[in-house]
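Structure file run.tsv; described as TSV, N, CA and C atoms.
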chain	number	residue	atom	x	y	z
A	1	MET	N	-7.71	49.74	-52.41
A	1	MET	CA	-7.04	48.52	-52.03
A	1	MET	C	-8.04	47.58	-51.36
A	2	ALA	N	-7.99	46.31	-51.71
A	2	ALA	CA	-8.91	45.32	-51.16
A	2	ALA	C	-8.52	44.96	-49.73
A	3	ASP	N	-9.53	44.66	-48.92
A	3	ASP	CA	-9.29	44.21	-47.55
A	3	ASP	C	-9.02	42.72	-47.54
A	4	GLY	N	-8.18	42.26	-46.61
A	4	GLY	CA	-7.93	40.84	-46.46
A	4	GLY	C	-6.99	40.29	-47.51
A	5	PRO	N	-6.80	38.97	-47.46
A	5	PRO	CA	-5.88	38.34	-48.41
A	5	PRO	C	-6.40	38.43	-49.84
A	6	GLN	N	-5.45	38.37	-50.77
A	6	GLN	CA	-5.81	38.47	-52.18
A	6	GLN	C	-6.69	37.29	-52.59
A	7	LYS	N	-7.70	37.58	-53.38
A	7	LYS	CA	-8.56	36.53	-53.92
A	7	LYS	C	-7.82	35.77	-54.99
A	8	THR	N	-8.21	34.51	-55.19
A	8	THR	CA	-7.53	33.67	-56.17
A	8	THR	C	-8.51	32.82	-56.96
A	9	VAL	N	-8.08	32.50	-58.18
A	9	VAL	CA	-8.80	31.59	-59.06
A	9	VAL	C	-7.81	30.50	-59.44
A	10	LEU	N	-8.27	29.27	-59.41
A	10	LEU	CA	-7.43	28.13	-59.76
A	10	LEU	C	-8.07	27.38	-60.92
A	11	MET	N	-7.29	27.15	-61.95
A	11	MET	CA	-7.76	26.40	-63.12
A	11	MET	C	-7.00	25.09	-63.21
A	12	ALA	N	-7.71	24.01	-63.46
A	12	ALA	CA	-7.09	22.70	-63.70
A	12	ALA	C	-7.42	22.29	-65.12
A	13	ASP	N	-6.39	22.25	-65.97
A	13	ASP	CA	-6.58	21.93	-67.39
A	13	ASP	C	-5.26	21.42	-67.95
A	14	ASP	N	-5.31	20.32	-68.67
A	14	ASP	CA	-4.08	19.75	-69.21
A	14	ASP	C	-3.59	20.43	-70.48
A	15	ASP	N	-4.34	21.38	-71.00
A	15	ASP	CA	-3.96	22.08	-72.22
A	15	ASP	C	-3.32	23.43	-71.87
A	16	PRO	N	-2.00	23.55	-72.02
A	16	PRO	CA	-1.33	24.81	-71.67
A	16	PRO	C	-1.87	26.02	-72.43
A	17	GLU	N	-2.30	25.81	-73.68
A	17	GLU	CA	-2.86	26.93	-74.46
A	17	GLU	C	-4.17	27.43	-73.84
A	18	ASP	N	-5.01	26.51	-73.36
A	18	ASP	CA	-6.25	26.94	-72.71
A	18	ASP	C	-5.95	27.67	-71.41
A	19	CYS	N	-4.94	27.21	-70.67
A	19	CYS	CA	-4.54	27.92	-69.45
A	19	CYS	C	-4.07	29.32	-69.77
A	20	LEU	N	-3.29	29.46	-70.82
A	20	LEU	CA	-2.80	30.77	-71.22
A	20	LEU	C	-3.96	31.68	-71.66
A	21	LEU	N	-4.84	31.15	-72.49
A	21	LEU	CA	-6.02	31.92	-72.92
A	21	LEU	C	-6.84	32.38	-71.73
A	22	ALA	N	-7.08	31.46	-70.80
A	22	ALA	CA	-7.88	31.78	-69.62
A	22	ALA	C	-7.19	32.85	-68.78
A	23	ALA	N	-5.88	32.72	-68.60
A	23	ALA	CA	-5.14	33.71	-67.80
A	23	ALA	C	-5.18	35.08	-68.46
A	24	GLU	N	-5.02	35.12	-69.78
A	24	GLU	CA	-5.06	36.40	-70.49
A	24	GLU	C	-6.46	37.01	-70.45
A	25	ALA	N	-7.48	36.18	-70.60
A	25	ALA	CA	-8.86	36.67	-70.52
A	25	ALA	C	-9.16	37.16	-69.11
A	26	PHE	N	-8.66	36.44	-68.12
A	26	PHE	CA	-8.85	36.86	-66.73
A	26	PHE	C	-8.20	38.22	-66.49
A	27	ALA	N	-6.99	38.41	-67.02
A	27	ALA	CA	-6.29	39.69	-66.86
A	27	ALA	C	-7.10	40.83	-67.47
A	28	GLU	N	-7.79	40.55	-68.57
A	28	GLU	CA	-8.62	41.57	-69.24
A	28	GLU	C	-9.78	42.03	-68.37
A	29	THR	N	-10.18	41.25	-67.38
A	29	THR	CA	-11.31	41.63	-66.53
A	29	THR	C	-10.94	42.74	-65.55
A	30	GLY	N	-9.63	42.90	-65.31
A	30	GLY	CA	-9.19	43.90	-64.35
A	30	GLY	C	-9.40	43.48	-62.91
A	31	ALA	N	-9.76	42.23	-62.67
A	31	ALA	CA	-9.99	41.75	-61.31
A	31	ALA	C	-8.69	41.81	-60.50
A	32	GLU	N	-8.83	42.24	-59.25
A	32	GLU	CA	-7.68	42.26	-58.35
A	32	GLU	C	-7.59	40.91	-57.67
A	33	ALA	N	-7.15	39.93	-58.42
A	33	ALA	CA	-7.05	38.57	-57.91
A	33	ALA	C	-5.94	37.86	-58.67
A	34	ALA	N	-5.44	36.80	-58.08
A	34	ALA	CA	-4.41	36.00	-58.71
A	34	ALA	C	-5.04	34.85	-59.46
A	35	PHE	N	-4.42	34.46	-60.57
A	35	PHE	CA	-4.91	33.36	-61.40
A	35	PHE	C	-3.80	32.32	-61.49
A	36	PHE	N	-4.11	31.09	-61.10
A	36	PHE	CA	-3.14	29.99	-61.14
A	36	PHE	C	-3.69	28.87	-61.99
A	37	CYS	N	-2.79	28.12	-62.61
A	37	CYS	CA	-3.20	26.96	-63.39
A	37	CYS	C	-2.35	25.76	-62.99
A	38	VAL	N	-3.03	24.62	-62.82
A	38	VAL	CA	-2.36	23.34	-62.64
A	38	VAL	C	-2.77	22.48	-63.82
A	39	PHE	N	-1.97	21.46	-64.13
A	39	PHE	CA	-2.15	20.77	-65.40
A	39	PHE	C	-2.79	19.38	-65.32
A	40	ASP	N	-3.25	19.00	-64.14
A	40	ASP	CA	-4.09	17.80	-64.03
A	40	ASP	C	-4.73	17.78	-62.66
A	41	SER	N	-5.61	16.81	-62.45
A	41	SER	CA	-6.37	16.76	-61.20
A	41	SER	C	-5.52	16.32	-60.01
A	42	ILE	N	-4.43	15.61	-60.25
A	42	ILE	CA	-3.55	15.24	-59.14
A	42	ILE	C	-2.87	16.50	-58.61
A	43	GLU	N	-2.37	17.35	-59.52
A	43	GLU	CA	-1.79	18.63	-59.10
A	43	GLU	C	-2.85	19.48	-58.39
A	44	LEU	N	-4.07	19.47	-58.90
A	44	LEU	CA	-5.16	20.22	-58.29
A	44	LEU	C	-5.38	19.78	-56.85
A	45	MET	N	-5.48	18.48	-56.64
A	45	MET	CA	-5.75	17.98	-55.29
A	45	MET	C	-4.57	18.25	-54.36
A	46	ASP	N	-3.34	18.13	-54.88
A	46	ASP	CA	-2.17	18.47	-54.07
A	46	ASP	C	-2.19	19.94	-53.65
A	47	HIS	N	-2.50	20.81	-54.61
A	47	HIS	CA	-2.58	22.25	-54.34
A	47	HIS	C	-3.64	22.53	-53.26
A	48	LEU	N	-4.81	21.96	-53.42
A	48	LEU	CA	-5.90	22.20	-52.46
A	48	LEU	C	-5.55	21.64	-51.09
A	49	SER	N	-4.94	20.48	-51.05
A	49	SER	CA	-4.55	19.87	-49.78
A	49	SER	C	-3.53	20.76	-49.05
A	50	GLU	N	-2.53	21.22	-49.78
A	50	GLU	CA	-1.51	22.09	-49.19
A	50	GLU	C	-2.13	23.38	-48.66
A	51	HIS	N	-3.01	23.98	-49.44
A	51	HIS	CA	-3.61	25.26	-49.04
A	51	HIS	C	-4.64	25.10	-47.93
A	52	SER	N	-5.29	23.96	-47.85
A	52	SER	CA	-6.29	23.78	-46.79
A	52	SER	C	-5.63	23.56	-45.43
A	53	ARG	N	-4.37	23.13	-45.43
A	53	ARG	CA	-3.65	22.88	-44.17
A	53	ARG	C	-2.84	24.09	-43.71
A	54	SER	N	-2.77	25.13	-44.50
A	54	SER	CA	-1.92	26.27	-44.18
A	54	SER	C	-2.76	27.52	-43.94
A	55	GLU	N	-2.53	28.15	-42.80
A	55	GLU	CA	-3.23	29.41	-42.53
A	55	GLU	C	-2.66	30.54	-43.38
A	56	ALA	N	-1.43	30.38	-43.84
A	56	ALA	CA	-0.79	31.44	-44.63
A	56	ALA	C	-1.20	31.40	-46.10
A	57	LYS	N	-1.74	30.27	-46.54
A	57	LYS	CA	-2.13	30.13	-47.95
A	57	LYS	C	-3.64	30.07	-48.06
A	58	ARG	N	-4.15	30.76	-49.04
A	58	ARG	CA	-5.59	30.90	-49.22
A	58	ARG	C	-6.12	29.87	-50.23
A	59	LEU	N	-7.27	29.28	-49.91
A	59	LEU	CA	-7.94	28.42	-50.88
A	59	LEU	C	-8.53	29.29	-51.98
A	60	PRO	N	-8.68	28.74	-53.18
A	60	PRO	CA	-9.21	29.56	-54.28
A	60	PRO	C	-10.66	29.99	-54.03
A	61	ASP	N	-11.02	31.13	-54.61
A	61	ASP	CA	-12.39	31.63	-54.50
A	61	ASP	C	-13.32	30.88	-55.45
A	62	PHE	N	-12.77	30.37	-56.54
A	62	PHE	CA	-13.47	29.41	-57.38
A	62	PHE	C	-12.47	28.64	-58.22
A	63	ILE	N	-12.92	27.48	-58.70
A	63	ILE	CA	-12.07	26.59	-59.49
A	63	ILE	C	-12.69	26.41	-60.86
A	64	LEU	N	-11.85	26.52	-61.90
A	64	LEU	CA	-12.23	26.17	-63.26
A	64	LEU	C	-11.67	24.77	-63.50
A	65	LEU	N	-12.54	23.82	-63.82
A	65	LEU	CA	-12.14	22.43	-63.88
A	65	LEU	C	-12.47	21.80	-65.23
A	66	ASP	N	-11.43	21.34	-65.91
A	66	ASP	CA	-11.61	20.59	-67.15
A	66	ASP	C	-12.01	19.17	-66.78
A	67	LEU	N	-12.76	18.51	-67.63
A	67	LEU	CA	-13.18	17.14	-67.34
A	67	LEU	C	-12.19	16.11	-67.80
A	68	ASN	N	-11.69	16.25	-69.01
A	68	ASN	CA	-10.88	15.21	-69.64
A	68	ASN	C	-9.39	15.52	-69.50
A	69	MET	N	-8.79	14.91	-68.47
A	69	MET	CA	-7.37	15.11	-68.20
A	69	MET	C	-6.73	13.76	-67.92
A	70	PRO	N	-5.42	13.66	-68.15
A	70	PRO	CA	-4.72	12.40	-67.87
A	70	PRO	C	-4.57	12.18	-66.36
A	71	ARG	N	-4.19	10.99	-66.01
A	71	ARG	CA	-3.94	10.53	-64.64
A	71	ARG	C	-5.20	10.46	-63.79
A	72	LYS	N	-5.93	11.54	-63.68
A	72	LYS	CA	-7.19	11.57	-62.94
A	72	LYS	C	-8.06	12.62	-63.61
A	73	ASP	N	-9.26	12.24	-64.00
A	73	ASP	CA	-10.07	13.22	-64.73
A	73	ASP	C	-10.80	14.16	-63.78
A	74	GLY	N	-11.40	15.18	-64.36
A	74	GLY	CA	-12.08	16.20	-63.58
A	74	GLY	C	-13.29	15.69	-62.82
A	75	ARG	N	-13.93	14.65	-63.33
A	75	ARG	CA	-15.09	14.08	-62.64
A	75	ARG	C	-14.66	13.53	-61.28
A	76	GLN	N	-13.54	12.81	-61.29
A	76	GLN	CA	-13.02	12.25	-60.04
A	76	GLN	C	-12.62	13.36	-59.07
A	77	ALA	N	-11.97	14.39	-59.58
A	77	ALA	CA	-11.55	15.51	-58.72
A	77	ALA	C	-12.77	16.22	-58.13
A	78	LEU	N	-13.79	16.43	-58.93
A	78	LEU	CA	-15.02	17.07	-58.45
A	78	LEU	C	-15.61	16.29	-57.29
A	79	ILE	N	-15.71	14.99	-57.43
A	79	ILE	CA	-16.27	14.15	-56.36
A	79	ILE	C	-15.40	14.24	-55.10
A	80	GLU	N	-14.08	14.21	-55.27
A	80	GLU	CA	-13.18	14.31	-54.12
A	80	GLU	C	-13.33	15.65	-53.41
A	81	ILE	N	-13.36	16.73	-54.18
A	81	ILE	CA	-13.48	18.07	-53.58
A	81	ILE	C	-14.79	18.20	-52.82
A	82	LYS	N	-15.87	17.75	-53.42
A	82	LYS	CA	-17.17	17.91	-52.78
A	82	LYS	C	-17.38	16.95	-51.61
A	83	SER	N	-16.51	15.95	-51.45
A	83	SER	CA	-16.62	15.04	-50.31
A	83	SER	C	-15.70	15.47	-49.15
A	84	GLU	N	-14.88	16.49	-49.39
A	84	GLU	CA	-13.93	16.95	-48.38
A	84	GLU	C	-14.49	18.20	-47.69
A	85	PRO	N	-14.86	18.11	-46.40
A	85	PRO	CA	-15.48	19.24	-45.71
A	85	PRO	C	-14.71	20.56	-45.82
A	86	ALA	N	-13.38	20.52	-45.81
A	86	ALA	CA	-12.59	21.75	-45.87
A	86	ALA	C	-12.61	22.39	-47.26
A	87	LEU	N	-13.07	21.65	-48.28
A	87	LEU	CA	-13.03	22.14	-49.66
A	87	LEU	C	-14.41	22.32	-50.29
A	88	GLN	N	-15.41	21.66	-49.75
A	88	GLN	CA	-16.69	21.58	-50.46
A	88	GLN	C	-17.39	22.92	-50.66
A	89	HIS	N	-16.97	23.95	-49.94
A	89	HIS	CA	-17.58	25.28	-50.11
A	89	HIS	C	-17.08	26.00	-51.37
A	90	ILE	N	-15.99	25.54	-51.97
A	90	ILE	CA	-15.40	26.24	-53.12
A	90	ILE	C	-16.27	26.03	-54.35
A	91	PRO	N	-16.74	27.10	-54.99
A	91	PRO	CA	-17.52	26.95	-56.22
A	91	PRO	C	-16.64	26.36	-57.34
A	92	ILE	N	-17.20	25.39	-58.03
A	92	ILE	CA	-16.48	24.75	-59.13
A	92	ILE	C	-17.25	24.98	-60.42
A	93	VAL	N	-16.54	25.50	-61.41
A	93	VAL	CA	-17.09	25.72	-62.74
A	93	VAL	C	-16.43	24.71	-63.67
A	94	ILE	N	-17.24	23.86	-64.27
A	94	ILE	CA	-16.73	22.92	-65.25
A	94	ILE	C	-16.51	23.70	-66.54
A	95	LEU	N	-15.28	23.65	-67.04
A	95	LEU	CA	-14.91	24.35	-68.28
A	95	LEU	C	-14.28	23.31	-69.19
A	96	THR	N	-15.03	22.87	-70.18
A	96	THR	CA	-14.65	21.69	-70.94
A	96	THR	C	-15.00	21.83	-72.41
A	97	THR	N	-14.43	20.96	-73.22
A	97	THR	CA	-14.81	20.90	-74.63
A	97	THR	C	-16.07	20.05	-74.81
A	98	SER	N	-16.44	19.33	-73.78
A	98	SER	CA	-17.61	18.44	-73.87
A	98	SER	C	-18.90	19.24	-74.06
A	99	GLU	N	-19.74	18.74	-74.92
A	99	GLU	CA	-21.08	19.29	-75.07
A	99	GLU	C	-22.12	18.22	-74.73
A	100	GLU	N	-21.66	17.16	-74.06
A	100	GLU	CA	-22.52	16.02	-73.73
A	100	GLU	C	-23.45	16.36	-72.56
A	101	GLN	N	-24.72	16.13	-72.75
A	101	GLN	CA	-25.70	16.39	-71.69
A	101	GLN	C	-25.41	15.53	-70.47
A	102	ARG	N	-24.95	14.30	-70.68
A	102	ARG	CA	-24.67	13.42	-69.53
A	102	ARG	C	-23.53	13.98	-68.67
A	103	ASP	N	-22.54	14.64	-69.30
A	103	ASP	CA	-21.47	15.27	-68.53
A	103	ASP	C	-22.01	16.43	-67.71
A	104	GLU	N	-22.84	17.25	-68.34
A	104	GLU	CA	-23.43	18.37	-67.61
A	104	GLU	C	-24.29	17.87	-66.45
A	105	ASP	N	-25.14	16.90	-66.71
A	105	ASP	CA	-26.02	16.36	-65.66
A	105	ASP	C	-25.20	15.79	-64.51
A	106	PHE	N	-24.18	15.00	-64.84
A	106	PHE	CA	-23.35	14.37	-63.81
A	106	PHE	C	-22.66	15.42	-62.95
A	107	THR	N	-22.01	16.40	-63.58
A	107	THR	CA	-21.21	17.36	-62.82
A	107	THR	C	-22.08	18.28	-61.97
A	108	LEU	N	-23.23	18.69	-62.49
A	108	LEU	CA	-24.11	19.54	-61.69
A	108	LEU	C	-24.67	18.77	-60.51
A	109	LYS	N	-25.01	17.51	-60.73
A	109	LYS	CA	-25.51	16.67	-59.63
A	109	LYS	C	-24.42	16.44	-58.59
A	110	ALA	N	-23.16	16.36	-59.04
A	110	ALA	CA	-22.03	16.12	-58.14
A	110	ALA	C	-21.61	17.39	-57.38
A	111	GLY	N	-22.17	18.54	-57.73
A	111	GLY	CA	-21.90	19.75	-56.95
A	111	GLY	C	-21.27	20.92	-57.68
A	112	ALA	N	-21.00	20.77	-58.98
A	112	ALA	CA	-20.49	21.92	-59.73
A	112	ALA	C	-21.56	23.00	-59.80
A	113	LYS	N	-21.12	24.25	-59.82
A	113	LYS	CA	-22.06	25.38	-59.90
A	113	LYS	C	-22.48	25.68	-61.33
A	114	LEU	N	-21.55	25.51	-62.29
A	114	LEU	CA	-21.82	25.80	-63.68
A	114	LEU	C	-21.12	24.78	-64.57
A	115	PHE	N	-21.68	24.59	-65.76
A	115	PHE	CA	-21.07	23.76	-66.79
A	115	PHE	C	-20.96	24.62	-68.03
A	116	ILE	N	-19.73	24.90	-68.46
A	116	ILE	CA	-19.50	25.79	-69.60
A	116	ILE	C	-18.64	25.06	-70.62
A	117	THR	N	-19.10	25.09	-71.87
A	117	THR	CA	-18.26	24.59	-72.96
A	117	THR	C	-17.25	25.68	-73.28
A	118	LYS	N	-15.99	25.29	-73.46
A	118	LYS	CA	-14.92	26.27	-73.68
A	118	LYS	C	-15.25	27.19	-74.85
A	119	PRO	N	-15.02	28.48	-74.65
A	119	PRO	CA	-15.29	29.46	-75.70
A	119	PRO	C	-14.43	29.23	-76.94
A	120	ALA	N	-14.94	29.70	-78.08
A	120	ALA	CA	-14.25	29.53	-79.35
A	120	ALA	C	-13.34	30.71	-79.70
A	121	THR	N	-13.64	31.89	-79.15
A	121	THR	CA	-12.84	33.08	-79.46
A	121	THR	C	-12.35	33.74	-78.18
A	122	PHE	N	-11.31	34.56	-78.33
A	122	PHE	CA	-10.78	35.26	-77.16
A	122	PHE	C	-11.83	36.18	-76.56
A	123	ASP	N	-12.60	36.88	-77.39
A	123	ASP	CA	-13.65	37.77	-76.87
A	123	ASP	C	-14.66	36.98	-76.03
A	124	GLU	N	-14.99	35.77	-76.44
A	124	GLU	CA	-15.90	34.93	-75.66
A	124	GLU	C	-15.26	34.50	-74.33
A	125	TRP	N	-13.94	34.23	-74.36
A	125	TRP	CA	-13.23	33.91	-73.12
A	125	TRP	C	-13.32	35.10	-72.15
A	126	VAL	N	-13.11	36.30	-72.67
A	126	VAL	CA	-13.16	37.49	-71.82
A	126	VAL	C	-14.56	37.68	-71.25
A	127	ARG	N	-15.59	37.55	-72.07
A	127	ARG	CA	-16.97	37.69	-71.58
A	127	ARG	C	-17.26	36.67	-70.48
A	128	MET	N	-16.83	35.43	-70.70
A	128	MET	CA	-17.05	34.38	-69.71
A	128	MET	C	-16.35	34.74	-68.40
A	129	MET	N	-15.09	35.16	-68.50
A	129	MET	CA	-14.32	35.50	-67.29
A	129	MET	C	-14.95	36.68	-66.55
A	130	LYS	N	-15.41	37.68	-67.29
A	130	LYS	CA	-16.06	38.82	-66.65
A	130	LYS	C	-17.29	38.36	-65.88
A	131	SER	N	-18.05	37.45	-66.45
A	131	SER	CA	-19.23	36.93	-65.77
A	131	SER	C	-18.85	36.17	-64.50
A	132	LEU	N	-17.82	35.34	-64.57
A	132	LEU	CA	-17.39	34.57	-63.41
A	132	LEU	C	-16.82	35.48	-62.32
A	133	VAL	N	-16.02	36.47	-62.72
A	133	VAL	CA	-15.46	37.41	-61.77
A	133	VAL	C	-16.60	38.17	-61.08
A	134	GLY	N	-17.58	38.61	-61.85
A	134	GLY	CA	-18.71	39.33	-61.26
A	134	GLY	C	-19.49	38.48	-60.27
A	135	ARG	N	-19.51	37.20	-60.51
A	135	ARG	CA	-20.28	36.31	-59.63
A	135	ARG	C	-19.52	35.94	-58.36
A	136	TRP	N	-18.21	35.67	-58.45
A	136	TRP	CA	-17.51	35.13	-57.30
A	136	TRP	C	-16.36	35.98	-56.74
A	137	LEU	N	-16.01	37.06	-57.39
A	137	LEU	CA	-14.89	37.85	-56.86
A	137	LEU	C	-15.26	39.26	-56.48
A	138	ARG	N	-16.43	39.69	-56.72
A	138	ARG	CA	-16.79	41.08	-56.39
A	138	ARG	C	-17.47	41.16	-55.04
If you took the structure in this file and wrote it as structure tokens, what would it be?
Amino acid sequence: MADGPQKTVLMADDDPEDCLLAAEAFAETGAEAAFFCVFDSIELMDHLSEHSRSEAKRLPDFILLDLNMPRKDGRQALIEIKSEPALQHIPIVILTTSEEQRDEDFTLKAGAKLFITKPATFDEWVRMMKSLVGRWLR
């Protein structure tokens, strides 16, 4: 049994199928952690704000962040998170369909830890999740 509160992963992505794939791949890792998905950056910021103000609720151990979302894109959310002292310690992994070098350069400069193009197969999703779990949840 793990000590302390349960670890968590939070994904922000407007594609429900990608959220489902990510959650299923995460479950395959066997990690003793909770996986949550929100469907845009406004929901993400609301979630983080609520959890940062509550001692009973835990901030995520890392965030998977899509770039291209409605209402507020992931670039804006990344900048907001990294400018907020209570949140800036959370590792952010950009998980996007973008293969643009300018997107990678921008997000890494803005404070993201990794830039990953979304996997094409479920096995690749599982490998990616295992790597992320090994890095931030073990």
For this session: Could you give me the residues within stretch 9-137 of chain A that DSSP places in helix (DSSP H, G or I), as number ranges by chain?
Result: A: 16-28, 41-52, 74-83, 101-110, 122-136
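Going from atom CA of A:Leu65 to atom CA of A:Pro5 covers 23.1 Å.
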Can you tell me which residues surround stretch 41-57 of chain A at a distance of at most 10 Å, considering only C-alpha atoms, apart from same-chain residues fewer than 3 positions away, and format the answer as a CSV table (one decimal) with N, CA and C atoms, in the coordinates of the input?
chain,number,residue,atom,x,y,z
A,5,PRO,N,-6.8,39.0,-47.5
A,5,PRO,CA,-5.9,38.3,-48.4
A,5,PRO,C,-6.4,38.4,-49.8
A,10,LEU,N,-8.3,29.3,-59.4
A,10,LEU,CA,-7.4,28.1,-59.8
A,10,LEU,C,-8.1,27.4,-60.9
A,11,MET,N,-7.3,27.2,-62.0
A,11,MET,CA,-7.8,26.4,-63.1
A,11,MET,C,-7.0,25.1,-63.2
A,12,ALA,N,-7.7,24.0,-63.5
A,12,ALA,CA,-7.1,22.7,-63.7
A,12,ALA,C,-7.4,22.3,-65.1
A,13,ASP,N,-6.4,22.2,-66.0
A,13,ASP,CA,-6.6,21.9,-67.4
A,13,ASP,C,-5.3,21.4,-68.0
A,14,ASP,N,-5.3,20.3,-68.7
A,14,ASP,CA,-4.1,19.8,-69.2
A,14,ASP,C,-3.6,20.4,-70.5
A,37,CYS,N,-2.8,28.1,-62.6
A,37,CYS,CA,-3.2,27.0,-63.4
A,37,CYS,C,-2.4,25.8,-63.0
A,38,VAL,N,-3.0,24.6,-62.8
A,38,VAL,CA,-2.4,23.3,-62.6
A,38,VAL,C,-2.8,22.5,-63.8
A,60,PRO,N,-8.7,28.7,-53.2
A,60,PRO,CA,-9.2,29.6,-54.3
A,60,PRO,C,-10.7,30.0,-54.0
A,63,ILE,N,-12.9,27.5,-58.7
A,63,ILE,CA,-12.1,26.6,-59.5
A,63,ILE,C,-12.7,26.4,-60.9
A,65,LEU,N,-12.5,23.8,-63.8
A,65,LEU,CA,-12.1,22.4,-63.9
A,65,LEU,C,-12.5,21.8,-65.2
A,66,ASP,N,-11.4,21.3,-65.9
A,66,ASP,CA,-11.6,20.6,-67.2
A,66,ASP,C,-12.0,19.2,-66.8
A,67,LEU,N,-12.8,18.5,-67.6
A,67,LEU,CA,-13.2,17.1,-67.3
A,67,LEU,C,-12.2,16.1,-67.8
A,68,ASN,N,-11.7,16.2,-69.0
A,68,ASN,CA,-10.9,15.2,-69.6
A,68,ASN,C,-9.4,15.5,-69.5
A,69,MET,N,-8.8,14.9,-68.5
A,69,MET,CA,-7.4,15.1,-68.2
A,69,MET,C,-6.7,13.8,-67.9
A,70,PRO,N,-5.4,13.7,-68.2
A,70,PRO,CA,-4.7,12.4,-67.9
A,70,PRO,C,-4.6,12.2,-66.4
A,71,ARG,N,-4.2,11.0,-66.0
A,71,ARG,CA,-3.9,10.5,-64.6
A,71,ARG,C,-5.2,10.5,-63.8
A,72,LYS,N,-5.9,11.5,-63.7
A,72,LYS,CA,-7.2,11.6,-62.9
A,72,LYS,C,-8.1,12.6,-63.6
A,73,ASP,N,-9.3,12.2,-64.0
A,73,ASP,CA,-10.1,13.2,-64.7
A,73,ASP,C,-10.8,14.2,-63.8
A,74,GLY,N,-11.4,15.2,-64.4
A,74,GLY,CA,-12.1,16.2,-63.6
A,74,GLY,C,-13.3,15.7,-62.8
A,75,ARG,N,-13.9,14.6,-63.3
A,75,ARG,CA,-15.1,14.1,-62.6
A,75,ARG,C,-14.7,13.5,-61.3
A,76,GLN,N,-13.5,12.8,-61.3
A,76,GLN,CA,-13.0,12.2,-60.0
A,76,GLN,C,-12.6,13.4,-59.1
A,77,ALA,N,-12.0,14.4,-59.6
A,77,ALA,CA,-11.6,15.5,-58.7
A,77,ALA,C,-12.8,16.2,-58.1
A,78,LEU,N,-13.8,16.4,-58.9
A,78,LEU,CA,-15.0,17.1,-58.4
A,78,LEU,C,-15.6,16.3,-57.3
A,80,GLU,N,-14.1,14.2,-55.3
A,80,GLU,CA,-13.2,14.3,-54.1
A,80,GLU,C,-13.3,15.6,-53.4
A,81,ILE,N,-13.4,16.7,-54.2
A,81,ILE,CA,-13.5,18.1,-53.6
A,81,ILE,C,-14.8,18.2,-52.8
A,84,GLU,N,-14.9,16.5,-49.4
A,84,GLU,CA,-13.9,17.0,-48.4
A,84,GLU,C,-14.5,18.2,-47.7
A,86,ALA,N,-13.4,20.5,-45.8
A,86,ALA,CA,-12.6,21.8,-45.9
A,86,ALA,C,-12.6,22.4,-47.3
A,87,LEU,N,-13.1,21.6,-48.3
A,87,LEU,CA,-13.0,22.1,-49.7
A,87,LEU,C,-14.4,22.3,-50.3
Exercise. To one decimal place, how far is atom N of A:Pro91 from atom N of A:Arg127 in Å?
Worked result: 20.1 Å
Excluding stretch 15-26 of chain A and its own-chain neighbours fewer than 2 positions away, which residues fall within 6.5 Å of it when counting all atoms listed in the file? Please give them as a compact mmCIF listing (two decimals) with N, CA and C atoms, keeping the file's coordinate frame.
# COMPACT_ATOMS: atom_id res chain seq x y z
N ASP A 13 -6.39 22.25 -65.97
CA ASP A 13 -6.58 21.93 -67.39
C ASP A 13 -5.26 21.42 -67.95
N GLU A 28 -7.79 40.55 -68.57
CA GLU A 28 -8.62 41.57 -69.24
C GLU A 28 -9.78 42.03 -68.37
N THR A 29 -10.18 41.25 -67.38
CA THR A 29 -11.31 41.63 -66.53
C THR A 29 -10.94 42.74 -65.55
N GLY A 30 -9.63 42.90 -65.31
CA GLY A 30 -9.19 43.90 -64.35
C GLY A 30 -9.40 43.48 -62.91
N ALA A 31 -9.76 42.23 -62.67
CA ALA A 31 -9.99 41.75 -61.31
C ALA A 31 -8.69 41.81 -60.50
N PHE A 35 -4.42 34.46 -60.57
CA PHE A 35 -4.91 33.36 -61.40
C PHE A 35 -3.80 32.32 -61.49
N CYS A 37 -2.79 28.12 -62.61
CA CYS A 37 -3.20 26.96 -63.39
C CYS A 37 -2.35 25.76 -62.99
N PHE A 39 -1.97 21.46 -64.13
CA PHE A 39 -2.15 20.77 -65.40
C PHE A 39 -2.79 19.38 -65.32
N TRP A 125 -13.94 34.23 -74.36
CA TRP A 125 -13.23 33.91 -73.12
C TRP A 125 -13.32 35.10 -72.15
N VAL A 126 -13.11 36.30 -72.67
CA VAL A 126 -13.16 37.49 -71.82
C VAL A 126 -14.56 37.68 -71.25
N MET A 129 -15.09 35.16 -68.50
CA MET A 129 -14.32 35.50 -67.29
C MET A 129 -14.95 36.68 -66.55
For this session: Can you list, as a ChimeraX atom specification, all residues belonging to stretch 3-129 of chain A that DSSP tags as strand (DSSP E)?
Result: /A:7-12,33-38,62-65,92-96,114-117
For this session: Show which residues sit within 8 Å of A:Ile116, as an MDAnalysis selection string. Count only C-alpha atoms, and ignore same-chain residues fewer than 4 positions away.
Result: chainID A and resid 93:96
For this session: Point out the residue among A:Ala110, A:Leu59, A:Leu64, A:Val9 with the least atom-to-atom distance to A:Ser83, counting only N, CA and C atoms.
Result: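 For A:Ser83, the nearest of the candidates is A:Ala110.
Computed from the coordinates, the atom CA of A:Phe62 to atom CA of A:Thr8 distance equals 7.4 Å.
When only C-alpha atoms are used to compute distances to A:Thr107, the closest of the residues A:Ile79, A:Gln88, A:Met128, A:Gly134 turns out to be A:Ile79.
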